[in-house]
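Q: The structure follows.
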Amino acid sequence: MTVANDMSFLTLIIGASLPVQLVMCILLITSLFSWWYIFIKVATIKRAETESEEFESKFWSGGDLNKLYEAVTSGRRKPQGMGSIFEAGFKEFVRLKQQAGAEARMEISDVMEGSRRAMRAAYNRELDDLDAHLPFLASVGSVSPYIGLFGTVWGIMNAFRGLSSVAQATLSQVAPGIAEALVATAIGLFAAIPAVIAYNRFASKVDRLSVRYESFMEEFTNILQRKS
Amino acid sequence: MIRKHENSDSWKAGALAIGVHAVLLVGMLVSFNWKAAHPVQNVTEVELWDKLPAPKTLDAPKPEPKPIIEEKPKPKPEPKPIVEEKPKPEEPKVDIELEKKKKEVEQKQKEAEIKKDKELQEKLDQKKKLEELQAQSREETLKDRKVAEKSKKDAIKKLKEDSLSEEKGNEDKQASVANASLIGEYTEKIKAKIRGNVNKALCSDGNPQLIFEISVLPTGQLSGTPKITKSSGSDACDEAVERAIIASEPLPLPEDASLKSQFKNLKLKFRPND
């Protein structure tokens with residue numbers, strides 16, 4: 001075992017044994033991905049929040065529902081968040097109502113039920129989008145410390161094995177090996193901590209958004225029932 | 001991997017993620033530029049290296065013993081001159097650089113040795129008696145200067161050895177004199193460092209003397225626990241000194257690797273209440 005005089009961060013990484021380097025590499029890639037997803041989620045969740053706020057203020061301003069529907073669907077891109085729930089529910093409601101008027105054997109409760117189902121489906125799609133990548137962040141947060149620990153244990157095992165061939169053991173013979181090995185844990189923690197924080201934050205934000213969507217669905221159902 | 005609605009953000013997010021990692025890497029590189037303290041393994045290598053040049057480097061200190069001899073007749077001011085001479089052991093370093101002038105130095109050495117021989121022969125008759133008397137009287141009068149006294153004794157012993165073994169070759173003698181002064185100096189330093197750590201309140205009754213045997217590694221660390229060869233009579237005092245020895249790590253050692261081995265078995269006398 002050679003003792004590195006220079007203990008800069010790079011030499012620690014380069015001097016580590018192959019399994020430890022592999023672990024570091026895996027952790028670095030995981031960390032890159034988790035940060036990528038974190039930034040994506042920050043952007044998408046923020047957009048979903050502002051959109052639902054805008055839509056709510058438009059919806060409760062008391063305009064005509066048909067006009068609102070046209071405004072929502074006329075946009076170039078597909079409506080998202082609350083807009084898509086409103087679009088699905090209102091479209092279904094209008095279609096069923098026309099059918100009910102034509103056939104006359106359809107009850108109002110069936111119309112309400114249909115539009116409610118359509119809204120539920122749109123709501124589930126929205127939630128699925130909001131929840132995307134959260135399981136990845138959760139598993140990075142829980143697993144990457146263990147991967148780092150594995151690298152550290154491996155490195156320390158090597159450091160001590162090198163020590164066994166020396167007659168007089170001193171701390172400075174093990175210290176570089178242990179320092180190298182501990183870099184793996186450091187990288188693992190660096191990957192895990194932001195992932196856990198981001199996961200908790202995003203999970204609570206998604207929960208709040210879903211509650212908002214659900215209460216909007218209930219209120220909109222009431223409005224449709226009054227209209228029919 | 002990513003949803004359709006996330007496409008617009010993916011590039012920005014990817015750039016940000018890479019940016020975060022770059023910032024972290026730079027931070028690590030800046031803040032983690034540790035320099036390891038000189039690894040111990042190098043010390044063992046140096047030990048082999050220094051054995052040959054050692055006599056040469058120790059040529060110059062030869063004149064040093066003379067001031068010690070000349071100053072000895074005056075008992076009380078003595079400790080100070082010896083203390084002042086501490087810087088001199090650093091001269092060998094200068095001499096290493098001046099190895100080209102070795103020949104001149106050697107000539108001077110021979111002259112100095114001849115002078116020294118004469119002086120020593122003259123002085124030996126007078127001084128052996130004087131020194132022995134002085135040593136006895138000093139032990140009584142200079143107990144508070146024990147640190148200096150020890151080095152003085154070493155120097156005297158070395159001088160005697162010098163005069164007796166002069167025929168055996170000059171270089172060894174010179175080296176041993178210089179080494180002795182260095183060893184004496186560092187023994188003092190070790191004692192002074194330990195003394196600062198002794199809890200004197202535990203050794204309050206009387207003026208007990210303790211003798212410890214310690215073994216110092218080339219790093220200045222202790223090898224094993226210090227052995228007490230003469231107890232003060234009070235367990236608390238013994239333990240206080242032992243703790244002080246352990247707390248004094250790393251102990252000061254000379255730069256010269258060949259001298260470090262001299263500290264493998266070191267006897268230290270303590271009078272904590274001095």
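So you can find residues: chains in the structure tokens are A, B, ... in the order shown, residues in each start at 1, and ligands are numbered from 1 in order.
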With chain B as the partner and 10 Å as the cut-off, tabulate the residues of chain A that qualify, each row holding the nearest pair of atoms and their distance in Å to one decimal, using only C-alpha atoms, sorted by chain and rising number, as a Markdown table.

A:
| residue | atom | partner | partner_atom | distance |
| --- | --- | --- | --- | --- |
| A:Thr2 | CA | B:Gln41 | CA | 9.5 |
| A:Val3 | CA | B:Pro39 | CA | 7.3 |
| A:Ala4 | CA | B:Ala36 | CA | 8.1 |
| A:Asn5 | CA | B:Ala36 | CA | 5.8 |
| A:Asp6 | CA | B:Lys35 | CA | 5.8 |
| A:Met7 | CA | B:Trp34 | CA | 5.5 |
| A:Ser8 | CA | B:Asn33 | CA | 4.4 |
| A:Phe9 | CA | B:Phe32 | CA | 5.8 |
| A:Leu10 | CA | B:Leu29 | CA | 7.4 |
| A:Thr11 | CA | B:Asn33 | CA | 9.9 |
| A:Leu28 | CA | B:His21 | CA | 8.9 |
| A:Ser31 | CA | B:His21 | CA | 8.5 |
| A:Leu32 | CA | B:Ala17 | CA | 6.1 |
| A:Phe33 | CA | B:Ala17 | CA | 7.9 |
| A:Ser34 | CA | B:Ala17 | CA | 8.4 |
| A:Trp35 | CA | B:Ala17 | CA | 5.1 |
| A:Trp36 | CA | B:Gly14 | CA | 5.1 |
| A:Tyr37 | CA | B:Ala13 | CA | 7.4 |
| A:Ile38 | CA | B:Ala13 | CA | 7.9 |
| A:Phe39 | CA | B:Ala13 | CA | 4.9 |
| A:Ile40 | CA | B:Ala13 | CA | 5.5 |
| A:Lys41 | CA | B:Glu6 | CA | 8.5 |
| A:Val42 | CA | B:Ala13 | CA | 9.1 |
| A:Ala43 | CA | B:Asp9 | CA | 6.9 |
| A:Thr44 | CA | B:Glu6 | CA | 6.9 |
| A:Lys78 | CA | B:His5 | CA | 9.7 |
| A:Gln80 | CA | B:His5 | CA | 9.3 |
| A:Asp129 | CA | B:Arg3 | CA | 7.5 |
| A:Ala132 | CA | B:Arg3 | CA | 7.9 |
| A:His133 | CA | B:Ile2 | CA | 8.2 |
| A:Thr170 | CA | B:Val40 | CA | 7.9 |
| A:Leu171 | CA | B:Val40 | CA | 9.2 |
| A:Ser172 | CA | B:Pro39 | CA | 6.2 |
| A:Gln173 | CA | B:Pro39 | CA | 7.9 |
| A:Ala175 | CA | B:Ala36 | CA | 9.5 |
| A:Pro176 | CA | B:Ala36 | CA | 8.8 |
| A:Phe190 | CA | B:Leu24 | CA | 9.5 |

Q: For Val143 (chain A), please output as JSON, numbers by chain all residues within 12 Å (counting only C-alpha atoms; exclusion window: fewer than 2 positions along the same chain).

A: {"A": [26, 27, 30, 31, 135, 136, 137, 138, 139, 140, 141, 145, 146, 147, 148, 149, 150, 185, 188, 189, 191, 192, 193, 195, 196]}

Q: Can you pull out every residue within 8 Å of Gly184 (chain B), counting only C-alpha atoms, but drop anything in the same chain fewer than 4 positions away, and send it as a count of residues only?

A: 5

Q: What's around Gln262 (chain B) at 12 Å? Count only C-alpha atoms, leave out sequence neighbours fewer than 5 positions away in its own chain, and write the answer as a ChimeraX atom specification.

A: /B:176,179-180,182-184,186-187,214-218,253-254,256-257,267

Q: Keeping only N, CA and C atoms, write the selected residues to a file as a PDB file, in the first residue's frame.

A:
ATOM      1  N   SER B 176      29.740  11.497  18.759  1.00  0.00           N
ATOM      2  CA  SER B 176      29.081  11.141  20.003  1.00  0.00           C
ATOM      3  C   SER B 176      28.922  12.373  20.893  1.00  0.00           C
ATOM      4  N   ASN B 179      26.151  14.267  19.326  1.00  0.00           N
ATOM      5  CA  ASN B 179      24.907  13.536  19.577  1.00  0.00           C
ATOM      6  C   ASN B 179      24.481  13.689  21.019  1.00  0.00           C
ATOM      7  N   ALA B 180      25.476  13.593  21.915  1.00  0.00           N
ATOM      8  CA  ALA B 180      25.143  13.679  23.328  1.00  0.00           C
ATOM      9  C   ALA B 180      24.530  15.028  23.642  1.00  0.00           C
ATOM     10  N   LEU B 182      22.957  16.913  21.590  1.00  0.00           N
ATOM     11  CA  LEU B 182      21.611  16.938  21.005  1.00  0.00           C
ATOM     12  C   LEU B 182      20.630  16.132  21.835  1.00  0.00           C
ATOM     13  N   ILE B 183      21.087  14.938  22.208  1.00  0.00           N
ATOM     14  CA  ILE B 183      20.186  14.074  22.981  1.00  0.00           C
ATOM     15  C   ILE B 183      19.851  14.742  24.303  1.00  0.00           C
ATOM     16  N   GLY B 184      20.900  15.337  24.925  1.00  0.00           N
ATOM     17  CA  GLY B 184      20.663  16.022  26.183  1.00  0.00           C
ATOM     18  C   GLY B 184      19.666  17.151  26.011  1.00  0.00           C
ATOM     19  N   TYR B 186      17.366  17.464  23.714  1.00  0.00           N
ATOM     20  CA  TYR B 186      15.988  17.034  23.468  1.00  0.00           C
ATOM     21  C   TYR B 186      15.400  16.344  24.679  1.00  0.00           C
ATOM     22  N   THR B 187      16.271  15.698  25.499  1.00  0.00           N
ATOM     23  CA  THR B 187      15.744  15.150  26.746  1.00  0.00           C
ATOM     24  C   THR B 187      15.200  16.275  27.608  1.00  0.00           C
ATOM     25  N   ILE B 214      10.649   5.519  29.287  1.00  0.00           N
ATOM     26  CA  ILE B 214       9.710   5.589  28.171  1.00  0.00           C
ATOM     27  C   ILE B 214      10.443   5.215  26.892  1.00  0.00           C
ATOM     28  N   SER B 215       9.633   4.826  25.928  1.00  0.00           N
ATOM     29  CA  SER B 215      10.182   4.486  24.625  1.00  0.00           C
ATOM     30  C   SER B 215       9.465   5.338  23.588  1.00  0.00           C
ATOM     31  N   VAL B 216      10.228   6.140  22.885  1.00  0.00           N
ATOM     32  CA  VAL B 216       9.637   7.115  21.956  1.00  0.00           C
ATOM     33  C   VAL B 216       9.826   6.624  20.529  1.00  0.00           C
ATOM     34  N   LEU B 217       8.736   6.605  19.791  1.00  0.00           N
ATOM     35  CA  LEU B 217       8.810   6.233  18.365  1.00  0.00           C
ATOM     36  C   LEU B 217       9.385   7.400  17.563  1.00  0.00           C
ATOM     37  N   PRO B 218       9.851   7.122  16.357  1.00  0.00           N
ATOM     38  CA  PRO B 218      10.379   8.236  15.532  1.00  0.00           C
ATOM     39  C   PRO B 218       9.380   9.340  15.276  1.00  0.00           C
ATOM     40  N   LEU B 253      11.506  15.628  19.170  1.00  0.00           N
ATOM     41  CA  LEU B 253      12.644  14.781  18.815  1.00  0.00           C
ATOM     42  C   LEU B 253      13.528  15.529  17.836  1.00  0.00           C
ATOM     43  N   PRO B 254      14.823  15.223  17.817  1.00  0.00           N
ATOM     44  CA  PRO B 254      15.703  15.869  16.842  1.00  0.00           C
ATOM     45  C   PRO B 254      15.351  15.465  15.421  1.00  0.00           C
ATOM     46  N   ASP B 256      17.369  14.658  13.097  1.00  0.00           N
ATOM     47  CA  ASP B 256      18.254  13.622  12.592  1.00  0.00           C
ATOM     48  C   ASP B 256      17.691  12.239  12.916  1.00  0.00           C
ATOM     49  N   ALA B 257      17.468  11.447  11.864  1.00  0.00           N
ATOM     50  CA  ALA B 257      16.808  10.157  12.068  1.00  0.00           C
ATOM     51  C   ALA B 257      17.663   9.198  12.878  1.00  0.00           C
ATOM     52  N   LYS B 267      15.349   7.285  29.973  1.00  0.00           N
ATOM     53  CA  LYS B 267      15.046   7.391  31.406  1.00  0.00           C
ATOM     54  C   LYS B 267      14.830   8.851  31.732  1.00  0.00           C
TER      55      LYS B 267
END
